[in-house]
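Okay, structure first, notes after.
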Amino acid sequence: MKSAVVQLPGLNRDRDMIAALTKISGKAPVTVWQTETDIPDVDLIVIPGGFSYGDYLRCGAIAARMPVMQAIREKAEKGVKVLGVCNGFQILLEAGLLPGALMRNASLKFVCKEIKLQVVNADTDFTRAYAQGQVIRSPVAHHDGNYFADAEALAALQGNGQIVFKYAEGTNPNGSIDDIAGVMNKAGNVLGMMPHPENLIEAAHGGSDGRGIFASALDVIAA
Amino acid sequence: MIKARVTVTLKNGVLDPQGKAIEGALGALGFSGVGAVRQGKVFDLALEGQDRAKAEADLKAMCEKLLANTVIENYTIALD
(Lines give C-alpha, C1' and ligand atoms only; values in the text may rest on other atoms or scores of the structure.)
Protein backbone atom coordinates (compact mmCIF):
# COMPACT_ATOMS: atom_id res chain seq x y z
CA MET A 1 0.00 0.00 0.00
CA LYS A 2 1.16 3.50 -0.80
CA SER A 3 1.19 6.42 1.60
CA ALA A 4 1.74 10.17 1.58
CA VAL A 5 2.94 12.56 4.27
CA VAL A 6 1.74 16.16 4.19
CA GLN A 7 4.29 18.90 4.86
CA LEU A 8 3.43 22.40 6.07
CA PRO A 9 5.64 25.12 7.52
CA GLY A 10 6.05 24.55 11.25
CA LEU A 11 5.36 20.82 11.28
CA ASN A 12 8.32 19.03 12.84
CA ARG A 13 7.28 15.38 13.14
CA ASP A 14 7.19 14.75 9.40
CA ARG A 15 10.57 13.00 9.32
CA ASP A 16 9.60 10.72 12.20
CA MET A 17 6.41 9.87 10.33
CA ILE A 18 8.25 9.21 7.05
CA ALA A 19 10.69 6.92 8.91
CA ALA A 20 7.87 5.01 10.60
CA LEU A 21 5.89 4.51 7.39
CA THR A 22 9.01 3.45 5.49
CA LYS A 23 10.07 0.94 8.13
CA ILE A 24 6.64 -0.58 8.57
CA SER A 25 5.50 -0.75 4.94
CA GLY A 26 8.90 -1.16 3.29
CA LYS A 27 8.05 1.76 0.99
CA ALA A 28 8.90 5.41 1.48
CA PRO A 29 5.82 7.66 1.46
CA VAL A 30 5.52 10.46 -1.06
CA THR A 31 5.62 13.92 0.45
CA VAL A 32 2.98 16.52 -0.37
CA TRP A 33 3.57 20.25 0.12
CA GLN A 34 0.83 22.53 1.44
CA THR A 35 0.21 24.27 -1.89
CA GLU A 36 -0.32 21.06 -3.86
CA THR A 37 -3.83 20.45 -5.08
CA ASP A 38 -3.18 17.16 -6.78
CA ILE A 39 -2.31 14.35 -4.38
CA PRO A 40 -0.92 11.18 -6.00
CA ASP A 41 -2.95 7.97 -5.76
CA VAL A 42 -2.21 6.59 -2.30
CA ASP A 43 -4.07 4.45 0.22
CA LEU A 44 -3.14 6.49 3.28
CA ILE A 45 -2.50 10.21 3.76
CA VAL A 46 -0.83 11.22 7.02
CA ILE A 47 -0.77 14.73 8.51
CA PRO A 48 2.02 14.65 11.09
CA GLY A 49 2.54 16.67 14.26
CA GLY A 50 4.29 19.92 15.00
CA PHE A 51 3.32 23.56 15.15
CA SER A 52 1.99 24.51 11.73
CA TYR A 53 1.98 28.28 11.27
CA GLY A 54 3.32 28.68 14.79
CA ASP A 55 -0.07 27.71 16.24
CA TYR A 56 -1.20 31.25 15.31
CA LEU A 57 -4.92 32.03 15.80
CA ARG A 58 -5.71 28.45 16.96
CA CYS A 59 -3.68 25.26 16.59
CA GLY A 60 -4.17 23.97 13.06
CA ALA A 61 -6.49 26.83 12.05
CA ILE A 62 -4.32 28.33 9.30
CA ALA A 63 -3.08 24.98 8.00
CA ALA A 64 -6.67 23.76 7.69
CA ARG A 65 -7.34 26.53 5.11
CA MET A 66 -4.37 25.66 2.85
CA PRO A 67 -5.01 24.30 -0.69
CA VAL A 68 -3.74 20.82 0.18
CA MET A 69 -6.56 20.41 2.68
CA GLN A 70 -9.19 20.78 -0.05
CA ALA A 71 -7.41 18.01 -1.95
CA ILE A 72 -7.36 15.86 1.20
CA ARG A 73 -11.06 16.51 1.75
CA GLU A 74 -11.81 15.24 -1.77
CA LYS A 75 -9.64 12.14 -1.23
CA ALA A 76 -11.31 11.46 2.11
CA GLU A 77 -14.74 11.68 0.50
CA LYS A 78 -13.60 9.02 -1.97
CA GLY A 79 -12.64 6.75 0.92
CA VAL A 80 -8.87 7.24 1.06
CA LYS A 81 -7.60 6.73 4.62
CA VAL A 82 -6.43 9.90 6.39
CA LEU A 83 -4.54 9.89 9.69
CA GLY A 84 -3.81 13.08 11.64
CA VAL A 85 -1.45 12.90 14.60
CA CYS A 86 -1.19 15.68 17.20
CA ASN A 87 -1.13 18.90 15.14
CA GLY A 88 -2.47 16.76 12.30
CA PHE A 89 -5.49 15.94 14.51
CA GLN A 90 -5.94 19.63 15.29
CA ILE A 91 -5.81 20.40 11.54
CA LEU A 92 -8.44 17.72 10.71
CA LEU A 93 -10.77 19.20 13.35
CA GLU A 94 -10.24 22.76 12.13
CA ALA A 95 -10.90 21.57 8.58
CA GLY A 96 -14.18 20.03 9.71
CA LEU A 97 -13.16 16.52 8.66
CA LEU A 98 -13.67 15.34 12.24
CA PRO A 99 -16.13 16.55 14.91
CA GLY A 100 -15.14 18.47 18.03
CA ALA A 101 -12.27 20.78 18.97
CA LEU A 102 -8.96 20.66 20.84
CA MET A 103 -8.35 23.28 23.48
CA ARG A 104 -5.50 24.31 25.77
CA ASN A 105 -4.57 21.52 28.24
CA ALA A 106 -6.52 21.82 31.49
CA SER A 107 -3.19 22.10 33.36
CA LEU A 108 -2.18 24.98 31.02
CA LYS A 109 1.15 23.15 30.72
CA PHE A 110 2.83 21.51 27.76
CA VAL A 111 2.88 17.76 28.45
CA CYS A 112 5.64 15.52 27.11
CA LYS A 113 5.54 12.04 28.57
CA GLU A 114 4.31 8.50 28.11
CA ILE A 115 0.68 7.64 28.70
CA LYS A 116 -1.49 4.52 28.43
CA LEU A 117 -3.87 4.30 25.55
CA GLN A 118 -6.87 2.01 25.41
CA VAL A 119 -8.07 0.79 22.03
CA VAL A 120 -11.81 1.23 22.54
CA ASN A 121 -12.67 0.32 18.96
CA ALA A 122 -10.44 -2.34 17.42
CA ASP A 123 -12.82 -2.86 14.52
CA THR A 124 -11.41 -0.06 12.34
CA ASP A 125 -9.00 0.23 9.43
CA PHE A 126 -6.49 1.79 11.82
CA THR A 127 -6.70 -0.53 14.81
CA ARG A 128 -7.37 -4.04 13.63
CA ALA A 129 -3.85 -5.13 14.63
CA TYR A 130 -4.94 -4.66 18.25
CA ALA A 131 -7.38 -6.52 20.48
CA GLN A 132 -10.58 -4.78 21.57
CA GLY A 133 -9.84 -2.99 24.85
CA GLN A 134 -6.10 -3.53 24.60
CA VAL A 135 -4.02 -1.01 26.52
CA ILE A 136 -0.86 0.18 24.76
CA ARG A 137 1.92 2.60 25.64
CA SER A 138 2.24 5.84 23.70
CA PRO A 139 4.18 9.09 23.97
CA VAL A 140 2.31 12.40 24.01
CA ALA A 141 3.75 15.88 23.48
CA HIS A 142 1.32 18.79 23.22
CA HIS A 143 -0.04 21.98 24.72
CA ASP A 144 -3.51 21.86 23.18
CA GLY A 145 -4.84 18.33 23.44
CA ASN A 146 -7.91 18.92 25.55
CA TYR A 147 -10.64 17.37 23.40
CA PHE A 148 -14.08 18.92 23.56
CA ALA A 149 -17.37 18.03 21.90
CA ASP A 150 -20.80 19.22 23.01
CA ALA A 151 -23.25 16.74 24.54
CA GLU A 152 -24.98 16.03 21.24
CA ALA A 153 -21.74 15.47 19.32
CA LEU A 154 -20.36 13.32 22.12
CA ALA A 155 -23.44 11.11 22.14
CA ALA A 156 -23.12 10.67 18.36
CA LEU A 157 -19.42 9.74 18.70
CA GLN A 158 -20.25 7.18 21.36
CA GLY A 159 -23.26 5.79 19.50
CA ASN A 160 -21.37 5.35 16.23
CA GLY A 161 -18.24 3.81 17.74
CA GLN A 162 -16.22 6.81 16.53
CA ILE A 163 -14.17 7.03 19.71
CA VAL A 164 -11.14 4.90 18.82
CA PHE A 165 -8.65 5.66 21.62
CA LYS A 166 -9.05 6.74 25.23
CA TYR A 167 -6.42 7.62 27.81
CA ALA A 168 -6.36 4.63 30.17
CA GLU A 169 -5.67 4.03 33.83
CA GLY A 170 -5.92 7.65 34.95
CA THR A 171 -3.30 8.87 32.48
CA ASN A 172 -5.47 11.57 30.82
CA PRO A 173 -2.77 14.26 30.41
CA ASN A 174 -4.89 17.17 29.21
CA GLY A 175 -8.43 17.13 30.60
CA SER A 176 -10.06 15.69 27.46
CA ILE A 177 -13.75 15.06 27.85
CA ASP A 178 -14.52 11.35 28.40
CA ASP A 179 -10.71 10.68 28.31
CA ILE A 180 -10.85 10.86 24.50
CA ALA A 181 -7.47 10.54 22.77
CA GLY A 182 -8.54 9.74 19.21
CA VAL A 183 -11.72 9.87 17.10
CA MET A 184 -12.66 8.91 13.58
CA ASN A 185 -15.30 10.12 11.15
CA LYS A 186 -18.56 8.27 10.70
CA ALA A 187 -17.35 6.57 7.52
CA GLY A 188 -14.32 5.24 9.43
CA ASN A 189 -11.61 6.35 7.00
CA VAL A 190 -10.40 9.51 8.81
CA LEU A 191 -8.72 9.16 12.21
CA GLY A 192 -7.27 11.90 14.40
CA MET A 193 -5.30 11.25 17.59
CA MET A 194 -3.18 13.31 19.98
CA PRO A 195 -0.58 10.65 20.96
CA HIS A 196 2.44 9.91 18.77
CA PRO A 197 2.42 6.23 17.73
CA GLU A 198 5.21 6.95 15.21
CA ASN A 199 7.59 7.43 18.11
CA LEU A 200 7.13 3.93 19.51
CA ILE A 201 7.60 1.51 16.64
CA GLU A 202 10.91 -0.31 17.24
CA ALA A 203 13.31 -1.52 19.92
CA ALA A 204 15.40 1.64 19.62
CA HIS A 205 12.31 3.58 20.79
CA GLY A 206 11.94 1.31 23.81
CA GLY A 207 8.93 -0.53 22.40
CA SER A 208 6.75 -1.03 19.36
CA ASP A 209 3.22 -0.52 20.69
CA GLY A 210 2.49 2.16 18.08
CA ARG A 211 3.30 -0.07 15.15
CA GLY A 212 -0.14 -1.63 14.92
CA ILE A 213 -1.81 1.61 13.81
CA PHE A 214 0.39 1.85 10.72
CA ALA A 215 0.38 -1.90 10.14
CA SER A 216 -3.42 -1.82 10.18
CA ALA A 217 -3.74 1.22 7.93
CA LEU A 218 -1.13 -0.06 5.48
CA ASP A 219 -2.47 -3.60 5.60
CA VAL A 220 0.85 -5.17 6.61
CA ILE A 221 -0.15 -6.85 9.85
CA ALA A 222 2.32 -9.64 10.60
CA ALA A 223 0.67 -13.05 10.51
CA MET B 1 -12.70 52.69 4.84
CA ILE B 2 -14.78 50.86 7.43
CA LYS B 3 -13.23 49.92 10.73
CA ALA B 4 -14.54 46.86 12.49
CA ARG B 5 -13.92 44.98 15.69
CA VAL B 6 -14.58 41.26 16.00
CA THR B 7 -14.72 39.77 19.48
CA VAL B 8 -14.40 36.01 19.90
CA THR B 9 -15.32 34.37 23.19
CA LEU B 10 -15.74 30.81 24.41
CA LYS B 11 -19.28 29.46 24.41
CA ASN B 12 -21.04 28.89 27.70
CA GLY B 13 -20.34 25.42 28.98
CA VAL B 14 -16.87 25.25 27.43
CA LEU B 15 -14.26 25.09 30.17
CA ASP B 16 -11.75 27.93 30.12
CA PRO B 17 -8.63 26.94 32.08
CA GLN B 18 -6.86 30.16 31.03
CA GLY B 19 -9.73 32.25 32.38
CA LYS B 20 -9.58 30.26 35.64
CA ALA B 21 -5.84 30.91 35.96
CA ILE B 22 -6.37 34.63 35.32
CA GLU B 23 -9.12 34.66 37.94
CA GLY B 24 -6.73 33.05 40.43
CA ALA B 25 -4.00 35.59 39.63
CA LEU B 26 -6.41 38.50 40.13
CA GLY B 27 -7.29 37.05 43.52
CA ALA B 28 -3.58 36.77 44.35
CA LEU B 29 -3.20 40.49 43.53
CA GLY B 30 -5.82 41.29 46.14
CA PHE B 31 -8.80 41.89 43.87
CA SER B 32 -11.48 40.15 45.85
CA GLY B 33 -14.91 39.25 44.57
CA VAL B 34 -13.86 38.61 40.98
CA GLY B 35 -15.80 35.63 39.64
CA ALA B 36 -16.11 33.75 36.38
CA VAL B 37 -13.31 35.31 34.30
CA ARG B 38 -13.55 34.23 30.66
CA GLN B 39 -10.81 35.20 28.22
CA GLY B 40 -11.16 35.70 24.48
CA LYS B 41 -9.74 37.38 21.39
CA VAL B 42 -10.22 40.73 19.70
CA PHE B 43 -9.55 41.42 16.00
CA ASP B 44 -9.46 44.98 14.62
CA LEU B 45 -9.92 45.11 10.86
CA ALA B 46 -9.97 47.89 8.28
CA LEU B 47 -12.12 47.13 5.24
CA GLU B 48 -11.99 49.00 1.95
CA GLY B 49 -15.17 50.66 0.68
CA GLN B 50 -18.19 52.26 2.32
CA ASP B 51 -20.83 49.54 1.99
CA ARG B 52 -21.62 48.67 5.59
CA ALA B 53 -24.05 45.88 4.76
CA LYS B 54 -21.45 44.18 2.59
CA ALA B 55 -18.81 44.69 5.28
CA GLU B 56 -21.05 43.06 7.85
CA ALA B 57 -21.79 40.10 5.57
CA ASP B 58 -18.09 39.70 4.76
CA LEU B 59 -17.12 39.84 8.43
CA LYS B 60 -19.70 37.21 9.29
CA ALA B 61 -18.24 34.93 6.61
CA MET B 62 -14.70 35.61 7.93
CA CYS B 63 -15.80 34.63 11.42
CA GLU B 64 -17.50 31.45 10.24
CA LYS B 65 -14.61 30.43 8.02
CA LEU B 66 -11.57 31.41 10.06
CA LEU B 67 -11.68 33.91 12.93
CA ALA B 68 -13.81 31.76 15.23
CA ASN B 69 -14.05 28.03 15.75
CA THR B 70 -17.80 27.81 16.10
CA VAL B 71 -17.58 24.40 17.78
CA ILE B 72 -16.33 26.17 20.92
CA GLU B 73 -16.50 29.92 20.24
CA ASN B 74 -19.05 32.69 19.73
CA TYR B 75 -18.32 35.94 17.93
CA THR B 76 -19.70 39.46 17.79
CA ILE B 77 -19.12 42.07 15.09
CA ALA B 78 -19.08 45.82 15.71
CA LEU B 79 -18.63 48.46 12.99
CA ASP B 80 -17.19 51.88 13.82
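Following the order of the C-alpha coordinates, chains are lettered A, B, ..., residues in each are numbered from 1, and ligands are numbered from 1.
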
Residues of chain A were defined as contacting chain B if any atom lay at most 9 Å from it, counting only C-alpha atoms; please report them as a CSV table (one decimal) with N, CA and C atoms, in the first residue's frame.
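Heads up, here's the output in part-v7.csv:
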chain,number,residue,atom,x,y,z
A,57,LEU,N,-3.5,32.0,15.8
A,57,LEU,CA,-4.9,32.0,15.8
A,57,LEU,C,-5.5,30.9,16.7
A,58,ARG,N,-5.4,29.7,16.2
A,58,ARG,CA,-5.7,28.5,17.0
A,58,ARG,C,-4.9,27.4,16.3
A,61,ALA,N,-5.5,26.0,12.7
A,61,ALA,CA,-6.5,26.8,12.0
A,61,ALA,C,-6.0,27.3,10.7
A,62,ILE,N,-4.8,27.8,10.6
A,62,ILE,CA,-4.3,28.3,9.3
A,62,ILE,C,-4.1,27.2,8.3
A,65,ARG,N,-6.8,25.7,6.2
A,65,ARG,CA,-7.3,26.5,5.1
A,65,ARG,C,-6.4,26.5,3.9
A,94,GLU,N,-10.0,21.4,12.6
A,94,GLU,CA,-10.2,22.8,12.1
A,94,GLU,C,-10.8,22.7,10.7
A,99,PRO,N,-15.3,15.7,14.0
A,99,PRO,CA,-16.1,16.5,14.9
A,99,PRO,C,-15.4,16.9,16.2
A,100,GLY,N,-15.7,18.1,16.8
A,100,GLY,CA,-15.1,18.5,18.0
A,100,GLY,C,-14.1,19.5,17.9
A,101,ALA,N,-13.3,19.8,19.0
A,101,ALA,CA,-12.3,20.8,19.0
A,101,ALA,C,-11.2,20.4,20.0
A,103,MET,N,-8.6,22.0,22.8
A,103,MET,CA,-8.4,23.3,23.5
A,103,MET,C,-7.1,23.2,24.3
A,104,ARG,N,-6.7,24.3,24.9
A,104,ARG,CA,-5.5,24.3,25.8
A,104,ARG,C,-5.6,23.2,26.9
A,105,ASN,N,-4.5,22.5,27.2
A,105,ASN,CA,-4.6,21.5,28.2
A,105,ASN,C,-5.1,22.1,29.5
A,106,ALA,N,-5.9,21.3,30.3
A,106,ALA,CA,-6.5,21.8,31.5
A,106,ALA,C,-5.5,22.3,32.5
A,107,SER,N,-4.3,21.7,32.5
A,107,SER,CA,-3.2,22.1,33.4
A,107,SER,C,-2.5,23.4,32.9
A,108,LEU,N,-2.8,23.8,31.7
A,108,LEU,CA,-2.2,25.0,31.0
A,108,LEU,C,-0.7,24.7,30.7
A,148,PHE,N,-12.7,18.5,23.2
A,148,PHE,CA,-14.1,18.9,23.6
A,148,PHE,C,-15.1,18.6,22.4
A,149,ALA,N,-16.2,18.1,22.8
A,149,ALA,CA,-17.4,18.0,21.9
A,149,ALA,C,-18.6,18.3,22.8
A,150,ASP,N,-19.6,19.0,22.2
A,150,ASP,CA,-20.8,19.2,23.0
A,150,ASP,C,-21.6,17.9,23.2

Taking 3 positions as the minimum chain separation for residues in the same chain, which residues sit within 12 Å of stretch 196-206 of chain A when counting only C-alpha atoms? Answer as number ranges by chain. A: 13-24, 46-50, 83-89, 112-117, 126-127, 136-142, 165, 181-182, 192-193, 209-215

Please extract the residues of chain B with a backbone DSSP assignment of helix (DSSP H, G or I) and present them as a list in words.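 Assigned to helix (DSSP H, G or I), within chain B: Pro17, Gln18, Gly19, Lys20, Ala21, Ile22, Glu23, Gly24, Ala25, Leu26, Gly27, Ala28, Arg52, Ala53, Lys54, Ala55, Glu56, Ala57, Asp58, Leu59, Lys60, Ala61, Met62, Cys63, Glu64, Lys65, Leu66 and Leu67 of chain B.
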
So that I can check the secondary structure, give me every residue of stretch 7-220 of chain A assigned strand (DSSP E) by backbone DSSP, as JSON, numbers by chain. {"A": [7, 30, 31, 32, 33, 44, 45, 46, 47, 81, 82, 83, 84, 85, 101, 102, 103, 111, 112, 113, 114, 115, 116, 117, 118, 119, 135, 136, 137, 138, 139, 140, 141, 142, 146, 147, 148, 163, 164, 165, 166, 167, 180, 181, 182, 183, 184, 190, 191, 192, 193]}

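What separates atom CA of A:Val220 from atom CA of A:Ala122 is a distance of 15.9 Å.
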
Can you tell me, as a VMD selection string, what residues are no more than 10 Å from B:Ile2 when counting only C-alpha atoms, ignoring any on the same chain fewer than 6 positions away? chain B and resid 45 to 52 55 79 to 80

Excluding A:Ile72 and its own-chain neighbours fewer than 2 positions away, which residues fall within 12 Å of it when counting only C-alpha atoms? Please give them as a ChimeraX atom specification. /A:4-6,32-47,64-70,74-84,91-92,95-97,189-190
